[in-house]
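Structure below is run-v5.pdb: PDB, C-alpha atoms, pLDDT in the B column.
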MODEL        1
ATOM      1  CA  MET B   3      95.773 201.319  90.289  1.00 95.00           C
ATOM      2  CA  ARG B   4      93.478 201.128  93.299  1.00 97.00           C
ATOM      3  CA  VAL B   5      91.637 197.833  93.632  1.00 97.00           C
ATOM      4  CA  LEU B   6      89.055 196.702  96.162  1.00 98.00           C
ATOM      5  CA  LEU B   7      88.944 192.924  96.584  1.00 97.00           C
ATOM      6  CA  LEU B   8      85.860 191.433  98.220  1.00 97.00           C
ATOM      7  CA  ALA B   9      87.201 188.106  99.393  1.00 94.00           C
ATOM      8  CA  GLY B  10      86.604 185.128 101.667  1.00 88.00           C
ATOM      9  CA  THR B  11      87.340 182.260  99.249  1.00 91.00           C
ATOM     10  CA  THR B  12      90.376 180.346  98.022  1.00 91.00           C
ATOM     11  CA  GLU B  13      90.290 182.431  94.841  1.00 94.00           C
ATOM     12  CA  GLY B  14      90.252 185.621  96.909  1.00 94.00           C
ATOM     13  CA  ALA B  15      93.334 184.482  98.814  1.00 93.00           C
ATOM     14  CA  VAL B  16      95.184 183.729  95.563  1.00 95.00           C
ATOM     15  CA  LEU B  17      94.309 187.172  94.215  1.00 96.00           C
ATOM     16  CA  ALA B  18      95.326 188.889  97.453  1.00 96.00           C
ATOM     17  CA  ARG B  19      98.790 187.330  97.339  1.00 95.00           C
ATOM     18  CA  ALA B  20      99.248 188.205  93.659  1.00 96.00           C
ATOM     19  CA  LEU B  21      98.168 191.823  94.155  1.00 96.00           C
ATOM     20  CA  ALA B  22     100.417 192.217  97.196  1.00 96.00           C
ATOM     21  CA  GLU B  23     103.418 191.213  95.083  1.00 96.00           C
ATOM     22  CA  ASP B  24     102.689 193.662  92.236  1.00 95.00           C
ATOM     23  CA  ALA B  25     103.640 197.266  92.985  1.00 94.00           C
ATOM     24  CA  ARG B  26     101.409 198.531  90.176  1.00 95.00           C
ATOM     25  CA  PHE B  27      98.367 197.830  92.367  1.00 96.00           C
ATOM     26  CA  ASP B  28      97.221 199.596  95.516  1.00 97.00           C
ATOM     27  CA  ALA B  29      94.827 196.929  96.726  1.00 97.00           C
ATOM     28  CA  THR B  30      92.629 196.607  99.804  1.00 96.00           C
ATOM     29  CA  LEU B  31      91.048 193.379 100.993  1.00 95.00           C
ATOM     30  CA  SER B  32      87.502 193.406 102.348  1.00 95.00           C
ATOM     31  CA  LEU B  33      86.020 190.577 104.440  1.00 92.00           C
ATOM     32  CA  ALA B  34      82.395 190.402 105.495  1.00 84.00           C
ATOM     33  CA  GLY B  35      83.278 189.323 109.028  1.00 72.00           C
ATOM     34  CA  ALA B  36      81.386 186.017 108.924  1.00 67.00           C
ATOM     35  CA  THR B  37      84.478 184.113 110.103  1.00 70.00           C
ATOM     36  CA  ARG B  38      85.772 184.933 113.562  1.00 70.00           C
ATOM     37  CA  ASN B  39      89.480 184.395 112.914  1.00 70.00           C
ATOM     38  CA  PRO B  40      90.162 184.605 109.166  1.00 76.00           C
ATOM     39  CA  ARG B  41      93.568 183.559 107.918  1.00 79.00           C
ATOM     40  CA  PRO B  42      95.739 186.660 107.479  1.00 83.00           C
ATOM     41  CA  LEU B  43      96.557 187.786 103.949  1.00 89.00           C
ATOM     42  CA  PRO B  44      99.267 190.230 102.832  1.00 92.00           C
ATOM     43  CA  LEU B  45      97.010 193.201 102.041  1.00 93.00           C
ATOM     44  CA  PRO B  46      95.512 196.020 104.108  1.00 93.00           C
ATOM     45  CA  THR B  47      92.262 194.492 105.348  1.00 92.00           C
ATOM     46  CA  ARG B  48      88.918 195.882 106.413  1.00 92.00           C
ATOM     47  CA  ILE B  49      86.273 193.717 108.081  1.00 91.00           C
ATOM     48  CA  GLY B  50      82.548 194.348 108.026  1.00 89.00           C
ATOM     49  CA  GLY B  51      79.906 195.679 105.679  1.00 89.00           C
ATOM     50  CA  PHE B  52      79.721 198.994 103.843  1.00 93.00           C
ATOM     51  CA  GLY B  53      76.082 199.778 104.552  1.00 93.00           C
ATOM     52  CA  GLY B  54      74.530 198.193 101.498  1.00 95.00           C
ATOM     53  CA  ALA B  55      75.013 199.048  97.851  1.00 96.00           C
ATOM     54  CA  ALA B  56      74.824 202.805  98.412  1.00 97.00           C
ATOM     55  CA  GLY B  57      77.448 202.674 101.132  1.00 97.00           C
ATOM     56  CA  LEU B  58      79.760 200.595  98.976  1.00 97.00           C
ATOM     57  CA  ALA B  59      79.295 203.010  96.066  1.00 98.00           C
ATOM     58  CA  ASP B  60      80.256 205.908  98.361  1.00 97.00           C
ATOM     59  CA  HIS B  61      83.362 204.007  99.442  1.00 97.00           C
ATOM     60  CA  LEU B  62      84.367 203.304  95.833  1.00 97.00           C
ATOM     61  CA  ARG B  63      84.106 207.004  95.012  1.00 97.00           C
ATOM     62  CA  MET B  64      85.880 208.308  98.121  1.00 97.00           C
ATOM     63  CA  ALA B  65      88.705 205.756  97.894  1.00 96.00           C
ATOM     64  CA  ARG B  66      89.030 206.392  94.141  1.00 97.00           C
ATOM     65  CA  VAL B  67      88.812 202.667  93.438  1.00 97.00           C
ATOM     66  CA  ALA B  68      89.530 201.871  89.797  1.00 97.00           C
ATOM     67  CA  ALA B  69      88.492 198.194  89.799  1.00 97.00           C
ATOM     68  CA  LEU B  70      86.252 196.090  92.032  1.00 98.00           C
ATOM     69  CA  LEU B  71      86.773 192.337  92.328  1.00 98.00           C
ATOM     70  CA  ASP B  72      84.095 190.125  93.865  1.00 97.00           C
ATOM     71  CA  ALA B  73      85.727 186.890  95.062  1.00 96.00           C
ATOM     72  CA  THR B  74      83.155 186.116  97.726  1.00 95.00           C
ATOM     73  CA  HIS B  75      81.479 182.750  98.261  1.00 92.00           C
ATOM     74  CA  PRO B  76      79.260 181.492  95.405  1.00 93.00           C
ATOM     75  CA  PHE B  77      76.279 181.618  97.773  1.00 93.00           C
ATOM     76  CA  ALA B  78      76.957 185.155  99.066  1.00 91.00           C
ATOM     77  CA  GLN B  79      74.057 186.483  97.023  1.00 92.00           C
ATOM     78  CA  GLN B  80      73.490 189.745  98.866  1.00 93.00           C
ATOM     79  CA  ILE B  81      77.125 190.810  98.704  1.00 94.00           C
ATOM     80  CA  THR B  82      77.264 190.092  94.985  1.00 96.00           C
ATOM     81  CA  ARG B  83      74.034 192.022  94.343  1.00 96.00           C
ATOM     82  CA  ASN B  84      75.360 194.966  96.359  1.00 96.00           C
ATOM     83  CA  ALA B  85      78.663 194.880  94.471  1.00 97.00           C
ATOM     84  CA  ALA B  86      76.885 194.935  91.098  1.00 97.00           C
ATOM     85  CA  GLU B  87      74.638 197.827  92.106  1.00 97.00           C
ATOM     86  CA  ALA B  88      77.463 199.797  93.737  1.00 97.00           C
ATOM     87  CA  ALA B  89      79.776 199.394  90.760  1.00 97.00           C
ATOM     88  CA  ALA B  90      77.043 200.689  88.453  1.00 97.00           C
ATOM     89  CA  LEU B  91      76.337 203.672  90.732  1.00 97.00           C
ATOM     90  CA  ALA B  92      80.012 204.592  91.054  1.00 97.00           C
ATOM     91  CA  GLY B  93      80.977 203.827  87.464  1.00 97.00           C
ATOM     92  CA  VAL B  94      83.654 201.313  88.544  1.00 97.00           C
ATOM     93  CA  PRO B  95      84.488 198.190  86.502  1.00 97.00           C
ATOM     94  CA  LEU B  96      83.428 195.020  88.343  1.00 97.00           C
ATOM     95  CA  LEU B  97      84.528 191.445  87.856  1.00 98.00           C
ATOM     96  CA  ARG B  98      83.038 188.449  89.655  1.00 97.00           C
ATOM     97  CA  ILE B  99      85.147 185.299  90.171  1.00 96.00           C
ATOM     98  CA  ASN B 100      82.560 182.526  89.868  1.00 93.00           C
ATOM     99  CA  ARG B 101      84.301 179.177  90.125  1.00 93.00           C
ATOM    100  CA  PRO B 102      82.663 176.219  88.347  1.00 95.00           C
ATOM    101  CA  GLU B 103      80.114 174.102  90.168  1.00 95.00           C
ATOM    102  CA  TRP B 104      80.851 170.514  91.128  1.00 96.00           C
ATOM    103  CA  PRO B 105      79.516 168.132  88.471  1.00 96.00           C
ATOM    104  CA  VAL B 106      76.351 166.376  89.565  1.00 96.00           C
ATOM    105  CA  GLN B 107      76.725 162.589  89.401  1.00 95.00           C
ATOM    106  CA  PRO B 108      74.031 159.949  88.763  1.00 95.00           C
ATOM    107  CA  GLY B 109      72.232 159.330  92.019  1.00 93.00           C
ATOM    108  CA  ASP B 110      72.879 162.805  93.455  1.00 96.00           C
ATOM    109  CA  ARG B 111      69.848 164.830  94.550  1.00 97.00           C
ATOM    110  CA  VAL B 112      69.798 168.541  93.647  1.00 98.00           C
ATOM    111  CA  VAL B 113      67.516 170.752  95.755  1.00 98.00           C
ATOM    112  CA  ALA B 114      66.472 174.382  95.640  1.00 97.00           C
ATOM    113  CA  SER B 115      66.388 175.093  99.379  1.00 96.00           C
ATOM    114  CA  MET B 116      67.626 173.798 102.709  1.00 97.00           C
ATOM    115  CA  ALA B 117      64.045 172.943 103.651  1.00 97.00           C
ATOM    116  CA  GLU B 118      63.889 170.696 100.578  1.00 98.00           C
ATOM    117  CA  ALA B 119      67.261 169.170 101.546  1.00 98.00           C
ATOM    118  CA  ALA B 120      65.972 168.380 105.039  1.00 98.00           C
ATOM    119  CA  ALA B 121      62.849 166.755 103.592  1.00 97.00           C
ATOM    120  CA  ALA B 122      64.944 164.735 101.131  1.00 97.00           C
ATOM    121  CA  LEU B 123      66.621 162.945 104.043  1.00 98.00           C
ATOM    122  CA  GLY B 124      63.375 161.076 104.668  1.00 97.00           C
ATOM    123  CA  LYS B 125      61.542 160.191 107.853  1.00 97.00           C
ATOM    124  CA  ALA B 126      63.700 157.271 109.045  1.00 97.00           C
ATOM    125  CA  PRO B 127      66.644 158.390 111.201  1.00 98.00           C
ATOM    126  CA  ARG B 128      69.939 158.585 109.311  1.00 98.00           C
ATOM    127  CA  ARG B 129      73.496 159.638 110.049  1.00 98.00           C
ATOM    128  CA  VAL B 130      73.984 162.863 108.102  1.00 98.00           C
ATOM    129  CA  PHE B 131      77.065 164.967 107.361  1.00 98.00           C
ATOM    130  CA  LEU B 132      76.060 168.645 107.082  1.00 98.00           C
ATOM    131  CA  THR B 133      78.623 170.881 105.361  1.00 96.00           C
ATOM    132  CA  ILE B 134      76.422 173.903 104.748  1.00 95.00           C
ATOM    133  CA  GLY B 135      77.988 176.537 107.000  1.00 88.00           C
ATOM    134  CA  ARG B 136      76.567 177.659 110.311  1.00 87.00           C
ATOM    135  CA  LYS B 137      73.659 179.869 109.213  1.00 89.00           C
ATOM    136  CA  ASP B 138      71.402 177.335 107.484  1.00 94.00           C
ATOM    137  CA  LEU B 139      70.822 174.777 110.224  1.00 97.00           C
ATOM    138  CA  LEU B 140      67.311 175.722 111.294  1.00 97.00           C
ATOM    139  CA  PRO B 141      65.477 173.703 108.590  1.00 97.00           C
ATOM    140  CA  PHE B 142      67.225 170.587 109.918  1.00 98.00           C
ATOM    141  CA  ARG B 143      66.589 171.468 113.560  1.00 97.00           C
ATOM    142  CA  ASP B 144      62.910 172.204 112.961  1.00 97.00           C
ATOM    143  CA  GLY B 145      62.043 170.010 109.986  1.00 96.00           C
ATOM    144  CA  ALA B 146      64.180 166.892 110.435  1.00 97.00           C
ATOM    145  CA  PRO B 147      65.220 166.563 114.089  1.00 97.00           C
ATOM    146  CA  GLN B 148      65.165 162.745 114.038  1.00 98.00           C
ATOM    147  CA  HIS B 149      68.526 162.389 112.272  1.00 98.00           C
ATOM    148  CA  HIS B 150      71.996 162.209 113.807  1.00 98.00           C
ATOM    149  CA  TYR B 151      74.057 165.064 112.366  1.00 98.00           C
ATOM    150  CA  LEU B 152      77.766 165.727 112.016  1.00 98.00           C
ATOM    151  CA  VAL B 153      77.946 169.489 111.478  1.00 97.00           C
ATOM    152  CA  ARG B 154      81.197 170.850 110.086  1.00 96.00           C
ATOM    153  CA  ALA B 155      81.715 174.613 109.989  1.00 93.00           C
ATOM    154  CA  VAL B 156      84.592 177.082 110.224  1.00 89.00           C
ATOM    155  CA  ASP B 157      83.165 178.466 113.484  1.00 89.00           C
ATOM    156  CA  PRO B 158      80.937 176.496 115.876  1.00 92.00           C
ATOM    157  CA  PRO B 159      77.274 177.530 115.509  1.00 93.00           C
ATOM    158  CA  PRO B 160      75.256 178.681 118.524  1.00 94.00           C
ATOM    159  CA  ALA B 161      73.731 175.766 120.408  1.00 95.00           C
ATOM    160  CA  GLU B 162      70.197 177.016 119.768  1.00 96.00           C
ATOM    161  CA  TRP B 163      70.681 176.648 116.004  1.00 96.00           C
ATOM    162  CA  LEU B 164      71.631 172.978 116.215  1.00 96.00           C
ATOM    163  CA  PRO B 165      69.390 169.949 115.718  1.00 96.00           C
ATOM    164  CA  PRO B 166      68.972 167.934 118.934  1.00 96.00           C
ATOM    165  CA  ARG B 167      71.248 165.075 117.796  1.00 95.00           C
ATOM    166  CA  ALA B 168      74.230 167.015 116.482  1.00 97.00           C
ATOM    167  CA  THR B 169      77.986 166.686 116.799  1.00 97.00           C
ATOM    168  CA  VAL B 170      79.926 169.811 115.829  1.00 97.00           C
ATOM    169  CA  LEU B 171      83.303 169.754 114.101  1.00 96.00           C
ATOM    170  CA  ALA B 172      84.985 173.155 113.719  1.00 92.00           C
ATOM    171  CA  ALA B 173      87.439 172.917 110.810  1.00 91.00           C
ATOM    172  CA  THR B 174      88.715 174.846 107.820  1.00 87.00           C
ATOM    173  CA  GLY B 175      89.652 173.322 104.450  1.00 84.00           C
ATOM    174  CA  PRO B 176      91.319 172.147 102.395  1.00 91.00           C
ATOM    175  CA  PHE B 177      90.490 168.590 103.360  1.00 95.00           C
ATOM    176  CA  ALA B 178      92.498 165.629 102.062  1.00 95.00           C
ATOM    177  CA  PRO B 179      90.664 162.667 100.477  1.00 95.00           C
ATOM    178  CA  GLU B 180      92.020 160.132 102.962  1.00 96.00           C
ATOM    179  CA  ALA B 181      90.957 162.321 105.902  1.00 96.00           C
ATOM    180  CA  GLU B 182      87.453 162.687 104.485  1.00 97.00           C
ATOM    181  CA  ARG B 183      87.121 158.937 103.978  1.00 97.00           C
ATOM    182  CA  ALA B 184      88.237 158.331 107.558  1.00 97.00           C
ATOM    183  CA  LEU B 185      85.824 160.945 108.914  1.00 97.00           C
ATOM    184  CA  LEU B 186      82.806 159.519 107.115  1.00 97.00           C
ATOM    185  CA  ALA B 187      83.708 155.996 108.207  1.00 97.00           C
ATOM    186  CA  ALA B 188      84.221 157.015 111.846  1.00 97.00           C
ATOM    187  CA  HIS B 189      80.780 158.643 111.983  1.00 97.00           C
ATOM    188  CA  ARG B 190      79.063 155.967 109.838  1.00 97.00           C
ATOM    189  CA  ILE B 191      77.695 158.652 107.524  1.00 98.00           C
ATOM    190  CA  GLU B 192      74.701 157.670 105.363  1.00 98.00           C
ATOM    191  CA  ALA B 193      73.970 161.033 103.700  1.00 98.00           C
ATOM    192  CA  LEU B 194      75.862 164.206 102.852  1.00 98.00           C
ATOM    193  CA  VAL B 195      74.227 167.622 102.474  1.00 98.00           C
ATOM    194  CA  SER B 196      76.275 170.410 100.900  1.00 97.00           C
ATOM    195  CA  LYS B 197      75.941 173.586  98.929  1.00 96.00           C
ATOM    196  CA  ASN B 198      77.254 173.188  95.387  1.00 97.00           C
ATOM    197  CA  SER B 199      80.086 175.607  96.094  1.00 94.00           C
ATOM    198  CA  GLY B 200      82.607 174.183  93.645  1.00 95.00           C
ATOM    199  CA  GLY B 201      86.356 174.483  94.065  1.00 90.00           C
ATOM    200  CA  THR B 202      88.983 172.034  95.242  1.00 89.00           C
ATOM    201  CA  ALA B 203      89.282 172.777  98.969  1.00 88.00           C
ATOM    202  CA  THR B 204      86.250 170.737 100.049  1.00 91.00           C
ATOM    203  CA  ALA B 205      85.522 168.571  97.000  1.00 93.00           C
ATOM    204  CA  ALA B 206      86.975 165.394  98.550  1.00 96.00           C
ATOM    205  CA  LYS B 207      83.901 164.911 100.753  1.00 97.00           C
ATOM    206  CA  LEU B 208      81.779 164.248  97.660  1.00 97.00           C
ATOM    207  CA  ALA B 209      84.057 161.508  96.371  1.00 96.00           C
ATOM    208  CA  ALA B 210      84.271 159.978  99.840  1.00 97.00           C
ATOM    209  CA  ALA B 211      80.476 159.956 100.219  1.00 97.00           C
ATOM    210  CA  ARG B 212      79.936 158.392  96.807  1.00 96.00           C
ATOM    211  CA  GLU B 213      82.576 155.735  97.512  1.00 96.00           C
ATOM    212  CA  ILE B 214      80.674 154.456 100.541  1.00 95.00           C
ATOM    213  CA  GLY B 215      77.268 154.728  98.889  1.00 96.00           C
ATOM    214  CA  ALA B 216      76.040 157.640 100.990  1.00 97.00           C
ATOM    215  CA  ALA B 217      73.305 159.816  99.544  1.00 97.00           C
ATOM    216  CA  VAL B 218      74.593 163.125  98.171  1.00 98.00           C
ATOM    217  CA  ILE B 219      72.217 166.102  98.396  1.00 98.00           C
ATOM    218  CA  LEU B 220      73.405 169.330  96.781  1.00 98.00           C
ATOM    219  CA  LEU B 221      71.865 172.775  97.096  1.00 97.00           C
ATOM    220  CA  ALA B 222      71.731 174.373  93.658  1.00 97.00           C
ATOM    221  CA  ARG B 223      73.770 177.535  93.256  1.00 93.00           C
ATOM    222  CA  PRO B 224      71.847 180.805  92.831  1.00 90.00           C
ATOM    223  CA  ALA B 225      72.096 182.583  89.500  1.00 87.00           C
ATOM    224  CA  PRO B 226      74.290 185.712  89.438  1.00 86.00           C
ATOM    225  CA  PRO B 227      72.712 189.113  88.772  1.00 89.00           C
ATOM    226  CA  PRO B 228      71.956 189.599  85.056  1.00 89.00           C
ATOM    227  CA  GLY B 229      74.725 191.216  83.054  1.00 90.00           C
ATOM    228  CA  LEU B 230      77.434 190.504  85.629  1.00 94.00           C
ATOM    229  CA  HIS B 231      80.869 189.894  84.083  1.00 95.00           C
ATOM    230  CA  THR B 232      82.246 186.658  85.534  1.00 96.00           C
ATOM    231  CA  VAL B 233      85.397 184.560  85.151  1.00 97.00           C
ATOM    232  CA  PRO B 234      86.066 181.052  86.515  1.00 96.00           C
ATOM    233  CA  ASP B 235      89.339 181.518  88.374  1.00 95.00           C
ATOM    234  CA  ALA B 236      91.918 183.858  89.859  1.00 96.00           C
ATOM    235  CA  ALA B 237      94.310 183.593  86.918  1.00 96.00           C
ATOM    236  CA  THR B 238      91.675 184.913  84.496  1.00 97.00           C
ATOM    237  CA  ALA B 239      90.808 187.687  86.944  1.00 97.00           C
ATOM    238  CA  LEU B 240      94.459 188.758  87.038  1.00 97.00           C
ATOM    239  CA  ARG B 241      94.552 188.936  83.244  1.00 97.00           C
ATOM    240  CA  TRP B 242      91.473 191.177  83.392  1.00 97.00           C
ATOM    241  CA  LEU B 243      93.249 193.453  85.870  1.00 96.00           C
ATOM    242  CA  HIS B 244      96.348 193.579  83.687  1.00 95.00           C
ATOM    243  CA  ALA B 245      94.161 194.645  80.774  1.00 95.00           C
ATOM    244  CA  ARG B 246      92.788 197.491  82.925  1.00 92.00           C
ATOM    245  CA  LEU B 247      96.379 198.536  83.626  1.00 92.00           C
ATOM    246  CA  ALA B 248      97.184 198.501  79.926  1.00 90.00           C
ATOM    247  CA  GLU B 249      94.193 200.755  79.257  1.00 88.00           C
ATOM    248  CA  ARG B 250      95.689 203.231  81.716  1.00 83.00           C
ATOM    249  CA  GLY B 251      99.116 203.022  80.071  1.00 76.00           C
ATOM    250  CA  VAL B 252     100.760 201.334  83.065  1.00 71.00           C
TER
ENDMDL
END

Can I see the file as structure tokens?
Amino acid sequence: MRVLLLAGTTEGAVLARALAEDARFDATLSLAGATRNPRPLPLPTRIGGFGGAAGLADHLRMARVAALLDATHPFAQQITRNAAEAAALAGVPLLRINRPEWPVQPGDRVVASMAEAAAALGKAPRRVFLTIGRKDLLPFRDGAPQHHYLVRAVDPPPAEWLPPRATVLAATGPFAPEAERALLAAHRIEALVSKNSGGTATAAKLAAAREIGAAVILLARPAPPPGLHTVPDAATALRWLHARLAERGV
């Protein structure tokens, strides 16, 4: 059965390895290309977009894809919208792996935008740990330049995106709890800003921040497109794929 896996997350990597080991699947991995040097996975891989929802629908038809899996980042809204529209156009079953959010703790601040997160830091200069990726830095550069920032991202952002008082740390998870505690202590972090991405790979930063009494500011996760079939993890997604195989008598 031909499967197209839109990946870029821990769950996508788990699915890629499982599909590569099962000869009943002819699976292709698709990455958006946001990361310069993604970790290799044992599936044929294409990098880059499809040309929107219509282009993806054309690809699904031409490649005779029988199932589409969306295991992209919880905040990759456009990709998920395109996948939902393309699957409907091509008549291909779609499943979205939507891992649970991190639980919000008393004292955490939940915001609806990065501009609101920047404002929530306040006017007095603070030492802030930004773990929001490399594309959402401008509200902090333009709206809250007085703070000292530690910016962690998979790839270093362009210098012109950075706030004036920024230190960049290029790193890829998972991150161990003891390493996160040491990092926050070394940089005397007073506030953490993160997207509520969920998952285990980067969750330790939240516990470390709360332990030292740093403010935790979380960007709320966008709602998925209406009617989208979602599951919380890779194991449930595999069971869904096995059910599709059973329907085909495989």

(message) When the PyMOL selection byres ((chain B and resi 140-148) around 7) is applied to the structure above, which residues does it catch, written out as a list of chain:residue names?
(response) B:Met116, B:Ala117, B:Ala120, B:Ala121, B:Pro127, B:Asp138, B:Leu139, B:His149, B:His150, B:Trp163, B:Leu164, B:Pro165, B:Pro166

(message) Counting all atoms listed in the file, which residues sit no farther than 12 Å from the position (96.6, 185.0, 96.7) in the file's frame? I'd like them as a list in words.
(response)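 Protein, DNA and RNA residues close to (96.6, 185.0, 96.7): Leu7, Ala9, Gly10, Thr11, Thr12, Glu13, Gly14, Ala15, Val16, Leu17, Ala18, Arg19, Ala20, Leu21, Ala22, Glu23, Asp24, Leu31, Arg41, Pro42, Leu43, Pro44, Leu45, Ala73, Asp235, Ala236, Ala237, Ala239 and Leu240 of chain B.
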
Let me see the file: selected residues, C-alpha atoms, as an mmCIF file, in the coordinates of the input.
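Once everything was written out, this is result_7.cif:
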data_model
loop_
_atom_site.group_PDB
_atom_site.id
_atom_site.type_symbol
_atom_site.label_atom_id
_atom_site.label_comp_id
_atom_site.auth_asym_id
_atom_site.auth_seq_id
_atom_site.Cartn_x
_atom_site.Cartn_y
_atom_site.Cartn_z
ATOM 1 C CA LEU B 7 88.944 192.924 96.584
ATOM 2 C CA ALA B 9 87.201 188.106 99.393
ATOM 3 C CA GLY B 10 86.604 185.128 101.667
ATOM 4 C CA THR B 11 87.340 182.260 99.249
ATOM 5 C CA THR B 12 90.376 180.346 98.022
ATOM 6 C CA GLU B 13 90.290 182.431 94.841
ATOM 7 C CA GLY B 14 90.252 185.621 96.909
ATOM 8 C CA ALA B 15 93.334 184.482 98.814
ATOM 9 C CA VAL B 16 95.184 183.729 95.563
ATOM 10 C CA LEU B 17 94.309 187.172 94.215
ATOM 11 C CA ALA B 18 95.326 188.889 97.453
ATOM 12 C CA ARG B 19 98.790 187.330 97.339
ATOM 13 C CA ALA B 20 99.248 188.205 93.659
ATOM 14 C CA LEU B 21 98.168 191.823 94.155
ATOM 15 C CA ALA B 22 100.417 192.217 97.196
ATOM 16 C CA GLU B 23 103.418 191.213 95.083
ATOM 17 C CA ASP B 24 102.689 193.662 92.236
ATOM 18 C CA LEU B 31 91.048 193.379 100.993
ATOM 19 C CA ARG B 41 93.568 183.559 107.918
ATOM 20 C CA PRO B 42 95.739 186.660 107.479
ATOM 21 C CA LEU B 43 96.557 187.786 103.949
ATOM 22 C CA PRO B 44 99.267 190.230 102.832
ATOM 23 C CA LEU B 45 97.010 193.201 102.041
ATOM 24 C CA ALA B 73 85.727 186.890 95.062
ATOM 25 C CA ASP B 235 89.339 181.518 88.374
ATOM 26 C CA ALA B 236 91.918 183.858 89.859
ATOM 27 C CA ALA B 237 94.310 183.593 86.918
ATOM 28 C CA ALA B 239 90.808 187.687 86.944
ATOM 29 C CA LEU B 240 94.459 188.758 87.038
#

Report the centre and edge lengths, in Å to one decimal, of an axis-aligned box enclosing every atom of segment 191-209 of chain B listed in the file, padded by 6 Å on each side, as JSON.
{"center_x": 81.6, "center_y": 166.6, "center_z": 100.6, "size_x": 27.3, "size_y": 29.9, "size_z": 25.9}

(request) Spell out the residues picked by the PyMOL selection byres ((chain B and resi 222) around 9) here, as a count of residues only. (result) 11

(request) For atom CA of Val195 of chain B and atom CA of Lys207 of chain B, quote the distance in Å rounded to one decimal. (result)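 Atom-to-atom, atom CA of Val195 of chain B and atom CA of Lys207 of chain B are spaced 10.2 Å apart.
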
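Here the question is which of B:Ala155, B:Ala216, B:Ala248, B:Val233 gets nearest to Arg98 of chain B using only C-alpha atoms, and that residue is B:Val233.
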
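By only C-alpha atoms, and with residues fewer than 4 positions from Leu71 of chain B along its chain excluded, the set lying at most 8 Å from it is Val5, Leu6, Leu7, Leu8, Leu96, Leu97, Arg98 and Ile99 of chain B.
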
(request) Kindly indicate which residue among B:Leu230, B:Thr169, B:Glu162, B:Phe131 lies nearest to Arg190 of chain B, using all atoms listed in the file for the distances. (result) B:Phe131

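The smallest atom-to-atom distance between Leu171 of chain B and any of B:Leu132, B:Ala92, B:Val252, B:Ile191, using only C-alpha atoms, is found for B:Leu132.
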
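Each of B:Ser196, B:Thr174, B:Ala55, B:Gln107 was checked against Ala119 of chain B using all atoms listed in the file; the smallest atom-to-atom distance is that of B:Ser196.
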
(request) Rank B:Asp157, B:Asp28, B:Asp72, B:Glu87 by their smallest atom-to-atom distance to Arg101 of chain B, using only C-alpha atoms, and report the top residue only. (result)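 Ranked by minimum distance to Arg101 of chain B, first place goes to B:Asp72.
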
(request) Using atom CA of Gly57 of chain B and atom CA of Ala89 of chain B as the two end points, give the distance in Å to one decimal. (result) 11.1 Å

(request) Tell me which of B:Ala90, B:Leu186, B:Met3, B:Ala206 sits closest to Ala29 of chain B, counting all atoms listed in the file. (result)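 Under the stated criterion, the closest residue is B:Met3.
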
(message) Can you spell out as a ChimeraX atom specification the set of residues that the PyMOL selection byres ((chain B and resi 88) around 10) selects in the structure I just provided?
(response) /B:54-63,70,82-87,89-94,96

Write the residues of the preceding selection, restricted to C-alpha atoms, as a short mmCIF file (atom, residue, chain, number, x, y, z; two decimals), keeping the file's coordinate frame.
data_model
loop_
_atom_site.label_atom_id
_atom_site.label_comp_id
_atom_site.auth_asym_id
_atom_site.auth_seq_id
_atom_site.Cartn_x
_atom_site.Cartn_y
_atom_site.Cartn_z
CA GLY B 54 74.53 198.19 101.50
CA ALA B 55 75.01 199.05 97.85
CA ALA B 56 74.82 202.80 98.41
CA GLY B 57 77.45 202.67 101.13
CA LEU B 58 79.76 200.60 98.98
CA ALA B 59 79.30 203.01 96.07
CA ASP B 60 80.26 205.91 98.36
CA HIS B 61 83.36 204.01 99.44
CA LEU B 62 84.37 203.30 95.83
CA ARG B 63 84.11 207.00 95.01
CA LEU B 70 86.25 196.09 92.03
CA THR B 82 77.26 190.09 94.98
CA ARG B 83 74.03 192.02 94.34
CA ASN B 84 75.36 194.97 96.36
CA ALA B 85 78.66 194.88 94.47
CA ALA B 86 76.89 194.94 91.10
CA GLU B 87 74.64 197.83 92.11
CA ALA B 89 79.78 199.39 90.76
CA ALA B 90 77.04 200.69 88.45
CA LEU B 91 76.34 203.67 90.73
CA ALA B 92 80.01 204.59 91.05
CA GLY B 93 80.98 203.83 87.46
CA VAL B 94 83.65 201.31 88.54
CA LEU B 96 83.43 195.02 88.34
#

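Atom pair atom CA of Arg250 of chain B / atom CA of Asn100 of chain B has a distance of 25.8 Å (rounded to one decimal).
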
(message) as a ChimeraX atom specification, please: the residues near Glu192 of chain B (cut-off 12 Å, only C-alpha atoms, same-chain neighbours under 5 positions excluded).
(response) /B:123-124,126-132,149-152,186-187,210-219
